[in-house]
$ cat protein18.csv   # CSV, C-alpha atoms
chain,number,residue,atom,x,y,z
A,1,MET,CA,28.8,-3.4,-10.8
A,2,PRO,CA,26.0,-2.1,-8.6
A,3,ALA,CA,25.4,-3.7,-5.2
A,4,PHE,CA,21.6,-3.9,-4.9
A,5,ARG,CA,19.9,-4.1,-1.5
A,6,ARG,CA,17.6,-7.1,-1.1
A,7,SER,CA,14.6,-4.7,-0.9
A,8,GLU,CA,15.7,-3.1,-4.2
A,9,TRP,CA,15.4,-6.4,-6.0
A,10,ILE,CA,11.7,-6.4,-5.2
A,11,CYS,CA,11.4,-3.1,-7.0
A,12,LEU,CA,13.4,-4.3,-10.0
A,13,VAL,CA,11.3,-7.4,-10.3
A,14,TYR,CA,8.0,-5.5,-9.8
A,15,PHE,CA,8.7,-3.0,-12.5
A,16,ALA,CA,9.8,-5.7,-14.9
A,17,TYR,CA,6.4,-7.3,-14.2
A,18,THR,CA,4.6,-4.0,-15.0
A,19,ALA,CA,6.5,-3.8,-18.3
A,20,LEU,CA,5.2,-7.3,-19.1
A,21,VAL,CA,1.7,-6.4,-18.1
A,22,ALA,CA,1.8,-3.4,-20.4
A,23,ALA,CA,3.0,-5.6,-23.2
A,24,LEU,CA,0.2,-8.1,-22.8
A,25,ARG,CA,-2.6,-5.9,-21.8
A,26,PRO,CA,-4.8,-4.3,-24.6
A,27,VAL,CA,-4.0,-0.7,-23.6
A,28,ASP,CA,-3.4,2.3,-25.8
A,29,ALA,CA,0.1,2.4,-27.4
A,30,TRP,CA,0.9,5.6,-25.6
A,31,VAL,CA,0.0,4.1,-22.2
A,32,ARG,CA,2.3,1.1,-23.0
A,33,LEU,CA,5.1,3.5,-23.9
A,34,GLU,CA,4.5,5.6,-20.8
A,35,VAL,CA,4.8,2.4,-18.6
A,36,TRP,CA,8.0,1.3,-20.3
A,37,VAL,CA,9.7,4.7,-20.1
A,38,ALA,CA,8.8,4.9,-16.4
A,39,ASP,CA,10.2,1.3,-15.8
A,40,LEU,CA,13.4,2.2,-17.6
A,41,ALA,CA,13.8,5.3,-15.5
A,42,VAL,CA,13.3,3.3,-12.3
A,43,TRP,CA,15.8,0.6,-13.3
A,44,ALA,CA,18.4,3.3,-14.3
A,45,ALA,CA,17.9,5.2,-11.0
A,46,LEU,CA,18.2,2.1,-8.9
A,47,TRP,CA,21.3,1.0,-10.9
A,48,PHE,CA,22.9,4.4,-10.3
A,49,LEU,CA,22.0,4.6,-6.6
A,50,ALA,CA,23.5,1.1,-6.1
A,51,SER,CA,26.7,2.0,-7.9
A,52,PRO,CA,30.1,2.4,-6.1
A,53,ARG,CA,30.2,6.0,-7.2
A,54,ALA,CA,26.9,6.8,-5.5
A,55,ALA,CA,28.0,5.0,-2.4
A,56,GLN,CA,30.7,7.6,-1.9
A,57,SER,CA,28.2,10.4,-1.6
A,58,ARG,CA,26.3,10.9,1.7
A,59,THR,CA,23.6,12.8,-0.1
A,60,LEU,CA,23.0,10.0,-2.6
A,61,ARG,CA,23.1,7.4,0.3
A,62,VAL,CA,20.3,9.4,2.0
A,63,LEU,CA,18.4,9.7,-1.3
A,64,ARG,CA,18.7,5.9,-1.7
A,65,ASP,CA,17.2,5.4,1.7
A,66,TRP,CA,14.1,7.4,0.8
A,67,PHE,CA,13.8,6.6,-2.9
A,68,PRO,CA,11.6,3.5,-2.5
A,69,LEU,CA,8.8,5.6,-1.0
A,70,ALA,CA,8.5,7.3,-4.4
A,71,LEU,CA,8.4,3.9,-6.1
A,72,ILE,CA,5.4,2.8,-4.0
A,73,LEU,CA,3.5,5.8,-5.3
A,74,LEU,CA,4.6,5.2,-8.9
A,75,ALA,CA,3.7,1.5,-8.7
A,76,TYR,CA,0.2,2.4,-7.6
A,77,ARG,CA,-0.2,5.0,-10.3
A,78,GLN,CA,1.1,2.7,-13.1
A,79,MET,CA,-1.7,0.3,-12.4
A,80,GLY,CA,-4.1,3.1,-12.9
A,81,TRP,CA,-2.6,3.9,-16.3
A,82,MET,CA,-3.4,0.4,-17.4
A,83,ALA,CA,-7.0,0.2,-16.1
A,84,LEU,CA,-9.6,-1.1,-18.6
A,85,PRO,CA,-13.4,-0.8,-18.5
A,86,HIS,CA,-14.9,-3.4,-16.3
A,87,GLU,CA,-17.2,-5.8,-18.1
A,88,ASN,CA,-19.3,-6.8,-15.1
A,89,ARG,CA,-19.8,-6.4,-11.4
A,90,ASN,CA,-19.4,-10.1,-10.4
A,91,PHE,CA,-16.7,-9.5,-7.8
A,92,GLU,CA,-18.5,-6.5,-6.2
A,93,ASN,CA,-21.9,-8.3,-6.1
A,94,GLU,CA,-20.2,-11.3,-4.4
A,95,TRP,CA,-18.3,-9.2,-1.9
A,96,ILE,CA,-21.0,-6.9,-0.7
A,97,GLY,CA,-22.8,-9.5,1.3
A,98,LEU,CA,-20.1,-9.8,3.9
A,99,ASP,CA,-20.0,-6.0,4.2
A,100,ARG,CA,-23.7,-5.7,4.9
A,101,ALA,CA,-23.5,-8.5,7.5
A,102,LEU,CA,-20.6,-6.8,9.2
A,103,LEU,CA,-22.0,-3.3,9.1
A,104,HIS,CA,-25.6,-4.1,9.9
A,105,ASP,CA,-26.2,-7.6,11.1
A,106,TRP,CA,-23.2,-7.6,13.4
A,107,GLY,CA,-23.6,-3.9,14.4
A,108,LEU,CA,-20.3,-2.4,13.4
A,109,LYS,CA,-21.8,0.7,11.8
A,110,ARG,CA,-24.1,1.3,14.8
A,111,ALA,CA,-21.2,0.8,17.3
A,112,ILE,CA,-19.1,3.3,15.4
A,113,GLU,CA,-21.8,6.0,15.2
A,114,LEU,CA,-23.2,5.5,18.7
A,115,PRO,CA,-20.9,8.1,20.4
A,116,GLY,CA,-21.7,10.6,17.7
A,117,PRO,CA,-19.1,12.0,15.2
A,118,LEU,CA,-16.1,11.2,17.4
A,119,LEU,CA,-15.3,7.7,16.1
A,120,PRO,CA,-16.2,8.4,12.4
A,121,ASN,CA,-13.9,11.4,12.4
A,122,LEU,CA,-11.1,9.4,14.1
A,123,LEU,CA,-11.5,6.8,11.4
A,124,GLU,CA,-11.4,9.3,8.6
A,125,LEU,CA,-8.3,11.0,10.1
A,126,SER,CA,-6.6,7.6,10.3
A,127,TYR,CA,-7.5,6.8,6.7
A,128,LEU,CA,-6.0,10.2,5.7
A,129,LEU,CA,-2.8,9.3,7.6
A,130,VAL,CA,-2.2,6.1,5.5
A,131,TYR,CA,-0.6,8.2,2.8
A,132,VAL,CA,2.2,9.3,5.1
A,133,MET,CA,2.5,6.1,7.1
A,134,PRO,CA,5.4,4.7,5.1
A,135,VAL,CA,7.2,8.1,5.4
A,136,LEU,CA,6.6,8.0,9.2
A,137,ALA,CA,8.0,4.4,9.3
A,138,VAL,CA,11.2,5.4,7.6
A,139,ALA,CA,11.5,8.5,9.8
A,140,VAL,CA,11.2,6.3,12.9
A,141,PHE,CA,14.1,4.2,11.8
A,142,TYR,CA,16.2,7.3,11.3
A,143,ALA,CA,15.1,8.8,14.6
A,144,ARG,CA,15.7,5.6,16.5
A,145,SER,CA,19.1,5.0,15.0
A,146,GLY,CA,17.8,2.1,13.1
A,147,ARG,CA,19.0,3.1,9.6
A,148,GLN,CA,20.9,-0.2,9.4
A,149,HIS,CA,17.5,-2.0,9.4
A,150,LEU,CA,16.0,0.0,6.6
A,151,ASP,CA,16.7,-2.7,4.0
A,152,GLU,CA,14.8,-5.2,6.0
A,153,ALA,CA,12.0,-2.8,6.8
A,154,TYR,CA,11.6,-2.0,3.1
A,155,TRP,CA,11.6,-5.7,2.3
A,156,ILE,CA,8.6,-6.2,4.5
A,157,ILE,CA,6.8,-3.1,3.2
A,158,LEU,CA,7.6,-3.5,-0.4
A,159,SER,CA,7.0,-7.2,-0.6
A,160,ALA,CA,3.5,-6.8,0.9
A,161,THR,CA,2.5,-3.6,-1.0
A,162,LEU,CA,3.9,-4.3,-4.4
A,163,ALA,CA,2.6,-7.9,-4.4
A,164,THR,CA,-0.8,-6.4,-3.6
A,165,TYR,CA,-0.6,-4.1,-6.6
A,166,ALA,CA,0.6,-7.0,-8.8
A,167,LEU,CA,-2.7,-8.8,-8.2
A,168,TYR,CA,-4.8,-5.9,-9.4
A,169,PRO,CA,-5.1,-7.0,-13.0
A,170,CYS,CA,-6.6,-10.3,-11.8
A,171,PHE,CA,-9.5,-8.7,-9.9
A,172,PRO,CA,-11.0,-5.8,-11.9
A,173,SER,CA,-13.3,-4.0,-9.5
A,174,GLU,CA,-14.4,-0.7,-8.1
A,175,PRO,CA,-14.9,0.4,-4.5
A,176,PRO,CA,-18.3,0.0,-2.8
A,177,ARG,CA,-18.9,3.8,-2.5
A,178,THR,CA,-19.1,3.9,-6.4
A,179,VAL,CA,-20.7,0.6,-7.1
A,180,PHE,CA,-23.4,1.0,-4.4
A,181,PRO,CA,-23.4,4.8,-3.9
A,182,LEU,CA,-26.7,4.9,-1.9
A,183,ASP,CA,-26.0,1.9,0.4
A,184,ASP,CA,-24.4,1.7,3.8
A,185,LEU,CA,-23.3,5.4,3.8
A,186,PRO,CA,-21.1,6.5,6.7
A,187,MET,CA,-21.5,9.7,8.6
A,188,MET,CA,-20.4,12.7,6.6
A,189,SER,CA,-17.8,15.1,7.9
A,190,ALA,CA,-15.1,17.6,6.7
A,191,LEU,CA,-12.4,14.9,7.0
A,192,ARG,CA,-14.5,12.6,4.9
A,193,ALA,CA,-14.9,15.3,2.3
A,194,ILE,CA,-11.1,15.6,2.1
A,195,ASN,CA,-10.7,11.9,1.8
A,196,LEU,CA,-13.3,11.7,-1.0
A,197,LYS,CA,-11.6,14.5,-2.8
A,198,ILE,CA,-8.2,12.7,-2.6
A,199,VAL,CA,-9.5,9.3,-3.8
A,200,GLY,CA,-11.6,11.0,-6.5
A,201,ALA,CA,-8.6,12.8,-7.9
A,202,TYR,CA,-5.9,10.3,-7.4
A,203,GLY,CA,-7.6,6.9,-7.0
A,204,ILE,CA,-7.2,4.3,-9.8
A,205,HIS,CA,-9.8,2.2,-11.5
A,206,MET,CA,-7.9,-1.0,-11.9
A,207,SER,CA,-9.0,-2.9,-8.8
A,208,VAL,CA,-9.7,-2.7,-5.0
A,209,PHE,CA,-8.6,-6.2,-4.2
A,210,PRO,CA,-6.5,-6.7,-2.1
A,211,SER,CA,-6.5,-3.4,-0.2
A,212,GLY,CA,-3.3,-1.5,-0.8
A,213,HIS,CA,-4.2,0.7,2.2
A,214,ALA,CA,-4.4,-2.3,4.5
A,215,ALA,CA,-1.3,-3.9,3.1
A,216,ALA,CA,0.8,-0.8,3.4
A,217,ALA,CA,-0.4,0.1,6.9
A,218,PHE,CA,0.0,-3.3,8.4
A,219,SER,CA,3.4,-3.9,6.7
A,220,CYS,CA,4.7,-0.6,8.1
A,221,ALA,CA,3.5,-1.6,11.6
A,222,PHE,CA,4.9,-5.1,11.4
A,223,ALA,CA,8.3,-3.7,10.2
A,224,VAL,CA,8.5,-1.3,13.1
A,225,ARG,CA,7.5,-3.9,15.6
A,226,ARG,CA,9.8,-6.6,14.3
A,227,LEU,CA,12.9,-4.5,13.7
A,228,LEU,CA,12.7,-2.0,16.6
A,229,PRO,CA,11.5,-4.3,19.4
A,230,GLU,CA,13.1,-2.1,22.0
A,231,TYR,CA,10.6,0.7,21.2
A,232,ARG,CA,7.5,-1.3,22.0
A,233,TRP,CA,5.1,1.7,22.3
A,234,THR,CA,6.2,3.0,18.9
A,235,GLY,CA,5.3,-0.4,17.4
A,236,ARG,CA,2.0,-0.5,19.2
A,237,ALA,CA,1.1,3.0,18.0
A,238,PHE,CA,1.8,2.0,14.4
A,239,LEU,CA,-0.3,-1.2,14.9
A,240,LEU,CA,-3.2,0.7,16.4
A,241,LEU,CA,-3.1,3.2,13.5
A,242,ALA,CA,-3.1,0.2,11.0
A,243,VAL,CA,-6.2,-1.3,12.7
A,244,LEU,CA,-8.0,2.1,12.6
A,245,ILE,CA,-7.2,2.4,8.9
A,246,ALA,CA,-8.5,-1.1,8.3
A,247,VAL,CA,-11.8,-0.3,10.0
A,248,ALA,CA,-12.0,3.0,8.2
A,249,THR,CA,-11.6,1.4,4.8
A,250,VAL,CA,-14.7,-0.7,5.4
A,251,TYR,CA,-16.8,1.8,7.4
A,252,GLY,CA,-16.0,4.6,4.9
A,253,ARG,CA,-16.9,2.3,1.9
A,254,TYR,CA,-13.4,2.8,0.4
A,255,HIS,CA,-13.0,-1.0,0.3
A,256,PHE,CA,-15.0,-4.1,0.7
A,257,ALA,CA,-14.2,-6.1,3.9
A,258,ILE,CA,-12.7,-8.9,1.9
A,259,ASP,CA,-10.3,-6.4,0.3
A,260,THR,CA,-9.1,-5.2,3.7
A,261,ALA,CA,-8.8,-8.8,5.0
A,262,ALA,CA,-6.7,-9.7,2.0
A,263,GLY,CA,-4.5,-6.7,2.4
A,264,PHE,CA,-3.8,-7.7,6.0
A,265,GLY,CA,-3.0,-11.2,4.8
A,266,MET,CA,-0.5,-9.8,2.3
A,267,ALA,CA,1.3,-7.9,5.1
A,268,LEU,CA,1.2,-11.0,7.4
A,269,ALA,CA,2.6,-13.2,4.6
A,270,ALA,CA,5.6,-10.9,4.3
A,271,LEU,CA,6.8,-11.8,7.8
A,272,PRO,CA,7.8,-15.4,7.3
A,273,LEU,CA,9.2,-14.6,3.9
A,274,HIS,CA,11.3,-11.8,5.5
A,275,ARG,CA,12.5,-14.3,8.2
A,276,ALA,CA,13.6,-16.7,5.5
A,277,VAL,CA,15.3,-14.1,3.3
A,278,PHE,CA,17.2,-12.5,6.1
A,279,ARG,CA,17.6,-15.7,8.2
A,280,ARG,CA,16.5,-14.0,11.3
A,281,ARG,CA,15.9,-16.0,14.5

$ encode --input "protein18.csv" --output "structure tokens"
Amino acid sequence: MPAFRRSEWICLVYFAYTALVAALRPVDAWVRLEVWVADLAVWAALWFLASPRAAQSRTLRVLRDWFPLALILLAYRQMGWMALPHENRNFENEWIGLDRALLHDWGLKRAIELPGPLLPNLLELSYLLVYVMPVLAVAVFYARSGRQHLDEAYWIILSATLATYALYPCFPSEPPRTVFPLDDLPMMSALRAINLKIVGAYGIHMSVFPSGHAAAAFSCAFAVRRLLPEYRWTGRAFLLLAVLIAVATVYGRYHFAIDTAAGFGMALAALPLHRAVFRRR
């Protein structure tokens, strides 16, 4: 029998959930089949990697350590497969008020752009780095001889990020840059053009609430800070990057402010749950 890690149980449950969503959601039959085939492949792969035979192979043990990163990407893309046309803009019209107050009334946009292109480019670069932040987190655990903490680190990251994705069917919405394309525009730059090309080609149209970018970034930072406390500056660097990513999501109009706050909340909620599951003092 396979010996699943506690973080792997999160993946097993999540991909069972997406199979259920596909069964209940009025999507095309081929989309439903695609989701189910992907879910079966994930379950089979996790079953094999957790088997006693795989445990005897160093290569497979390393593959098992990195495999959840691919599942985060698959989990995100699956939600995009099951997106449906939005019937209204009730969520977006409700959320935009806070953004305009934050960007204009409270002066966030003016403060960011006051020094010129420096801060806008820094924020766009930070936003670009969110895609490799989980990879960097796992690499840090390897580099800092913290491989034994990977299960716990993944538990924090996966519980926050996959729980965020699981909420997407409940909040059908589009990002502010598409719903309000002429409002609150940030400073344009080459880095922003790259980010827009990436989100245009690979973004999904299921939901933006909560922000998966914020949930992933902060959960990675929290995992490094909690599980590698002896490397304080590494944890601080991850946390600083997460904060910059959060600001970039709002300033760049990739997310509404409430999306980002909710994504931060999802990462924060993972910490007491992690403590309870692993009984850490």

$ closest_residue --input "protein18.csv" --among "A:Ile204, A:Val138, A:Leu271, A:Val42" --to "A:Arg226" --atoms "all atoms listed in the file"
A:Leu271

$ residues_around --input "protein18.csv" --residues "stretch 258-264 of chain A" --least-positions-apart "3" --cutoff "6 Å" --atoms "only C-alpha atoms" --output "ChimeraX atom specification"
/A:209-211,214-215,267

$ write_last_selection --input "protein18.csv" --atoms "C-alpha atoms" --output "PDB file, in the frame of the given file"
ATOM      1  CA  PHE A 209      -8.600  -6.200  -4.200  1.00  0.00           C
ATOM      2  CA  PRO A 210      -6.500  -6.700  -2.100  1.00  0.00           C
ATOM      3  CA  SER A 211      -6.500  -3.400  -0.200  1.00  0.00           C
ATOM      4  CA  ALA A 214      -4.400  -2.300   4.500  1.00  0.00           C
ATOM      5  CA  ALA A 215      -1.300  -3.900   3.100  1.00  0.00           C
ATOM      6  CA  ALA A 267       1.300  -7.900   5.100  1.00  0.00           C
TER       7      ALA A 267
END

$ closest_residue --input "protein18.csv" --among "A:Ser159, A:Gln148, A:Asn195, A:Ser51" --to "A:Val277" --atoms "all atoms listed in the file"
A:Ser159

$ residues_around --input "protein18.csv" --residues "A:Leu158" --least-positions-apart "5" --cutoff "10 Å" --atoms "all atoms listed in the file" --output "list in words"
Ser7, Glu8, Ile10, Cys11, Tyr14, Pro68, Leu69, Leu71, Ile72, Glu152, Ala153, Ala163, Thr164, Ala215, Ala216, Ser219, Cys220, Ala267 and Ala270 of chain A

$ atom_distance --input "protein18.csv" --atom1 "atom CA of A:Arg6" --atom2 "atom CA of A:His274"
10.3 Å

$ residues_around --input "protein18.csv" --residues "A:Phe218" --least-positions-apart "6" --cutoff "10 Å" --atoms "all atoms listed in the file" --output "list in words"
Met133, Ile156, Ile157, Ala160, Thr161, Gly212, Val224, Phe238, Leu239, Leu240, Leu241, Ala242, Val243, Ile245, Ala246, Gly263, Phe264, Gly265, Met266, Ala267 and Leu268 of chain A

$ atom_distance --input "protein18.csv" --atom1 "atom CA of A:Glu92" --atom2 "atom CA of A:Phe180"
9.1 Å

$ atom_distance --input "protein18.csv" --atom1 "atom CA of A:Leu123" --atom2 "atom CA of A:Leu185"
14.1 Å

$ residues_around --input "protein18.csv" --residues "stretch 104-107 of chain A" --least-positions-apart "6" --cutoff "12 Å" --atoms "all atoms listed in the file" --output "VMD selection string"
chain A and resid 96 to 98 113 to 114 183 to 186 251

$ closest_residue --input "protein18.csv" --among "A:Gln56, A:Leu49, A:Gly146, A:Phe15" --to "A:Val37" --atoms "all atoms listed in the file"
A:Phe15

$ closest_residue --input "protein18.csv" --among "A:Leu182, A:Leu196, A:Val140, A:Ala19" --to "A:Thr234" --atoms "all atoms listed in the file"
A:Val140

$ residues_around --input "protein18.csv" --residues "A:Tyr131" --least-positions-apart "4" --cutoff "10 Å" --atoms "all atoms listed in the file" --output "compact mmCIF listing (two decimals) with C-alpha atoms, keeping the file's coordinate frame"
# COMPACT_ATOMS: atom_id res chain seq x y z
CA LEU A 73 3.50 5.80 -5.30
CA SER A 126 -6.60 7.60 10.30
CA TYR A 127 -7.50 6.80 6.70
CA VAL A 135 7.20 8.10 5.40
CA LEU A 136 6.60 8.00 9.20
CA HIS A 213 -4.20 0.70 2.20
CA ALA A 216 0.80 -0.80 3.40
CA ALA A 217 -0.40 0.10 6.90

$ closest_residue --input "protein18.csv" --among "A:Pro169, A:Pro134, A:Pro85, A:Gly252" --to "A:Ala193" --atoms "only C-alpha atoms"
A:Gly252

$ closest_residue --input "protein18.csv" --among "A:Val62, A:Ile198, A:Tyr165, A:Arg232" --to "A:Leu74" --atoms "all atoms listed in the file"
A:Tyr165

$ build_atoms --input "protein18.csv" --residues "stretch 175-201 of chain A" --atoms "N, CA, C and O atoms" --output "PDB file, keeping the file's coordinate frame"
ATOM      1  N   PRO A 175     -14.568   0.403  -5.911  1.00  0.00           N
ATOM      2  CA  PRO A 175     -14.900   0.400  -4.500  1.00  0.00           C
ATOM      3  C   PRO A 175     -16.409   0.481  -4.255  1.00  0.00           C
ATOM      4  O   PRO A 175     -17.172   0.920  -5.133  1.00  0.00           O
ATOM      5  N   PRO A 176     -16.847   0.046  -3.075  1.00  0.00           N
ATOM      6  CA  PRO A 176     -18.300   0.000  -2.800  1.00  0.00           C
ATOM      7  C   PRO A 176     -18.968   1.360  -2.846  1.00  0.00           C
ATOM      8  O   PRO A 176     -20.156   1.448  -3.152  1.00  0.00           O
ATOM      9  N   ARG A 177     -18.253   2.428  -2.554  1.00  0.00           N
ATOM     10  CA  ARG A 177     -18.900   3.800  -2.500  1.00  0.00           C
ATOM     11  C   ARG A 177     -19.306   4.179  -3.945  1.00  0.00           C
ATOM     12  O   ARG A 177     -20.195   5.028  -4.079  1.00  0.00           O
ATOM     13  N   THR A 178     -18.686   3.603  -4.996  1.00  0.00           N
ATOM     14  CA  THR A 178     -19.100   3.900  -6.400  1.00  0.00           C
ATOM     15  C   THR A 178     -20.014   2.920  -6.972  1.00  0.00           C
ATOM     16  O   THR A 178     -20.884   3.284  -7.761  1.00  0.00           O
ATOM     17  N   VAL A 179     -19.850   1.655  -6.607  1.00  0.00           N
ATOM     18  CA  VAL A 179     -20.700   0.600  -7.100  1.00  0.00           C
ATOM     19  C   VAL A 179     -22.098   0.644  -6.481  1.00  0.00           C
ATOM     20  O   VAL A 179     -23.128   0.421  -7.118  1.00  0.00           O
ATOM     21  N   PHE A 180     -22.101   0.934  -5.163  1.00  0.00           N
ATOM     22  CA  PHE A 180     -23.400   1.000  -4.400  1.00  0.00           C
ATOM     23  C   PHE A 180     -23.419   2.380  -3.713  1.00  0.00           C
ATOM     24  O   PHE A 180     -23.293   2.486  -2.489  1.00  0.00           O
ATOM     25  N   PRO A 181     -23.591   3.447  -4.473  1.00  0.00           N
ATOM     26  CA  PRO A 181     -23.400   4.800  -3.900  1.00  0.00           C
ATOM     27  C   PRO A 181     -24.486   5.213  -2.915  1.00  0.00           C
ATOM     28  O   PRO A 181     -24.246   6.168  -2.158  1.00  0.00           O
ATOM     29  N   LEU A 182     -25.609   4.538  -2.857  1.00  0.00           N
ATOM     30  CA  LEU A 182     -26.700   4.900  -1.900  1.00  0.00           C
ATOM     31  C   LEU A 182     -26.801   3.968  -0.752  1.00  0.00           C
ATOM     32  O   LEU A 182     -27.671   4.156   0.096  1.00  0.00           O
ATOM     33  N   ASP A 183     -25.934   2.975  -0.669  1.00  0.00           N
ATOM     34  CA  ASP A 183     -26.000   1.900   0.400  1.00  0.00           C
ATOM     35  C   ASP A 183     -24.966   2.107   1.424  1.00  0.00           C
ATOM     36  O   ASP A 183     -23.813   2.433   1.113  1.00  0.00           O
ATOM     37  N   ASP A 184     -25.339   1.857   2.683  1.00  0.00           N
ATOM     38  CA  ASP A 184     -24.400   1.700   3.800  1.00  0.00           C
ATOM     39  C   ASP A 184     -23.534   2.987   3.971  1.00  0.00           C
ATOM     40  O   ASP A 184     -22.355   2.904   4.345  1.00  0.00           O
ATOM     41  N   LEU A 185     -24.109   4.150   3.712  1.00  0.00           N
ATOM     42  CA  LEU A 185     -23.300   5.400   3.800  1.00  0.00           C
ATOM     43  C   LEU A 185     -22.867   5.698   5.178  1.00  0.00           C
ATOM     44  O   LEU A 185     -23.645   5.616   6.127  1.00  0.00           O
ATOM     45  N   PRO A 186     -21.602   6.101   5.356  1.00  0.00           N
ATOM     46  CA  PRO A 186     -21.100   6.500   6.700  1.00  0.00           C
ATOM     47  C   PRO A 186     -21.519   7.929   6.996  1.00  0.00           C
ATOM     48  O   PRO A 186     -22.073   8.642   6.162  1.00  0.00           O
ATOM     49  N   MET A 187     -21.205   8.341   8.201  1.00  0.00           N
ATOM     50  CA  MET A 187     -21.500   9.700   8.600  1.00  0.00           C
ATOM     51  C   MET A 187     -20.584  10.682   7.851  1.00  0.00           C
ATOM     52  O   MET A 187     -19.381  10.467   7.717  1.00  0.00           O
ATOM     53  N   MET A 188     -21.167  11.743   7.334  1.00  0.00           N
ATOM     54  CA  MET A 188     -20.400  12.700   6.600  1.00  0.00           C
ATOM     55  C   MET A 188     -19.711  13.706   7.500  1.00  0.00           C
ATOM     56  O   MET A 188     -20.234  14.054   8.570  1.00  0.00           O
ATOM     57  N   SER A 189     -18.517  14.159   7.100  1.00  0.00           N
ATOM     58  CA  SER A 189     -17.800  15.100   7.900  1.00  0.00           C
ATOM     59  C   SER A 189     -16.778  15.836   6.978  1.00  0.00           C
ATOM     60  O   SER A 189     -16.586  15.456   5.813  1.00  0.00           O
ATOM     61  N   ALA A 190     -16.118  16.865   7.514  1.00  0.00           N
ATOM     62  CA  ALA A 190     -15.100  17.600   6.700  1.00  0.00           C
ATOM     63  C   ALA A 190     -13.953  16.709   6.360  1.00  0.00           C
ATOM     64  O   ALA A 190     -13.421  16.793   5.244  1.00  0.00           O
ATOM     65  N   LEU A 191     -13.548  15.854   7.306  1.00  0.00           N
ATOM     66  CA  LEU A 191     -12.400  14.900   7.000  1.00  0.00           C
ATOM     67  C   LEU A 191     -12.807  13.958   5.924  1.00  0.00           C
ATOM     68  O   LEU A 191     -11.984  13.634   5.069  1.00  0.00           O
ATOM     69  N   ARG A 192     -14.051  13.482   5.953  1.00  0.00           N
ATOM     70  CA  ARG A 192     -14.500  12.600   4.900  1.00  0.00           C
ATOM     71  C   ARG A 192     -14.490  13.283   3.543  1.00  0.00           C
ATOM     72  O   ARG A 192     -14.116  12.683   2.524  1.00  0.00           O
ATOM     73  N   ALA A 193     -14.903  14.528   3.539  1.00  0.00           N
ATOM     74  CA  ALA A 193     -14.900  15.300   2.300  1.00  0.00           C
ATOM     75  C   ALA A 193     -13.493  15.385   1.708  1.00  0.00           C
ATOM     76  O   ALA A 193     -13.305  15.284   0.484  1.00  0.00           O
ATOM     77  N   ILE A 194     -12.501  15.561   2.573  1.00  0.00           N
ATOM     78  CA  ILE A 194     -11.100  15.600   2.100  1.00  0.00           C
ATOM     79  C   ILE A 194     -10.693  14.275   1.533  1.00  0.00           C
ATOM     80  O   ILE A 194     -10.075  14.200   0.458  1.00  0.00           O
ATOM     81  N   ASN A 195     -11.025  13.187   2.246  1.00  0.00           N
ATOM     82  CA  ASN A 195     -10.700  11.900   1.800  1.00  0.00           C
ATOM     83  C   ASN A 195     -11.320  11.543   0.417  1.00  0.00           C
ATOM     84  O   ASN A 195     -10.694  10.974  -0.481  1.00  0.00           O
ATOM     85  N   LEU A 196     -12.594  11.911   0.288  1.00  0.00           N
ATOM     86  CA  LEU A 196     -13.300  11.700  -1.000  1.00  0.00           C
ATOM     87  C   LEU A 196     -12.674  12.463  -2.114  1.00  0.00           C
ATOM     88  O   LEU A 196     -12.598  11.977  -3.253  1.00  0.00           O
ATOM     89  N   LYS A 197     -12.230  13.671  -1.816  1.00  0.00           N
ATOM     90  CA  LYS A 197     -11.600  14.500  -2.800  1.00  0.00           C
ATOM     91  C   LYS A 197     -10.272  13.860  -3.281  1.00  0.00           C
ATOM     92  O   LYS A 197      -9.939  13.836  -4.486  1.00  0.00           O
ATOM     93  N   ILE A 198      -9.517  13.323  -2.323  1.00  0.00           N
ATOM     94  CA  ILE A 198      -8.200  12.700  -2.600  1.00  0.00           C
ATOM     95  C   ILE A 198      -8.417  11.451  -3.481  1.00  0.00           C
ATOM     96  O   ILE A 198      -7.785  11.273  -4.527  1.00  0.00           O
ATOM     97  N   VAL A 199      -9.295  10.555  -3.023  1.00  0.00           N
ATOM     98  CA  VAL A 199      -9.500   9.300  -3.800  1.00  0.00           C
ATOM     99  C   VAL A 199     -10.166   9.570  -5.118  1.00  0.00           C
ATOM    100  O   VAL A 199      -9.950   8.839  -6.088  1.00  0.00           O
ATOM    101  N   GLY A 200     -10.976  10.629  -5.182  1.00  0.00           N
ATOM    102  CA  GLY A 200     -11.600  11.000  -6.500  1.00  0.00           C
ATOM    103  C   GLY A 200     -10.606  11.480  -7.467  1.00  0.00           C
ATOM    104  O   GLY A 200     -10.717  11.199  -8.669  1.00  0.00           O
ATOM    105  N   ALA A 201      -9.609  12.217  -6.985  1.00  0.00           N
ATOM    106  CA  ALA A 201      -8.600  12.800  -7.900  1.00  0.00           C
ATOM    107  C   ALA A 201      -7.465  11.884  -8.206  1.00  0.00           C
ATOM    108  O   ALA A 201      -6.911  11.924  -9.313  1.00  0.00           O
TER     109      ALA A 201
END
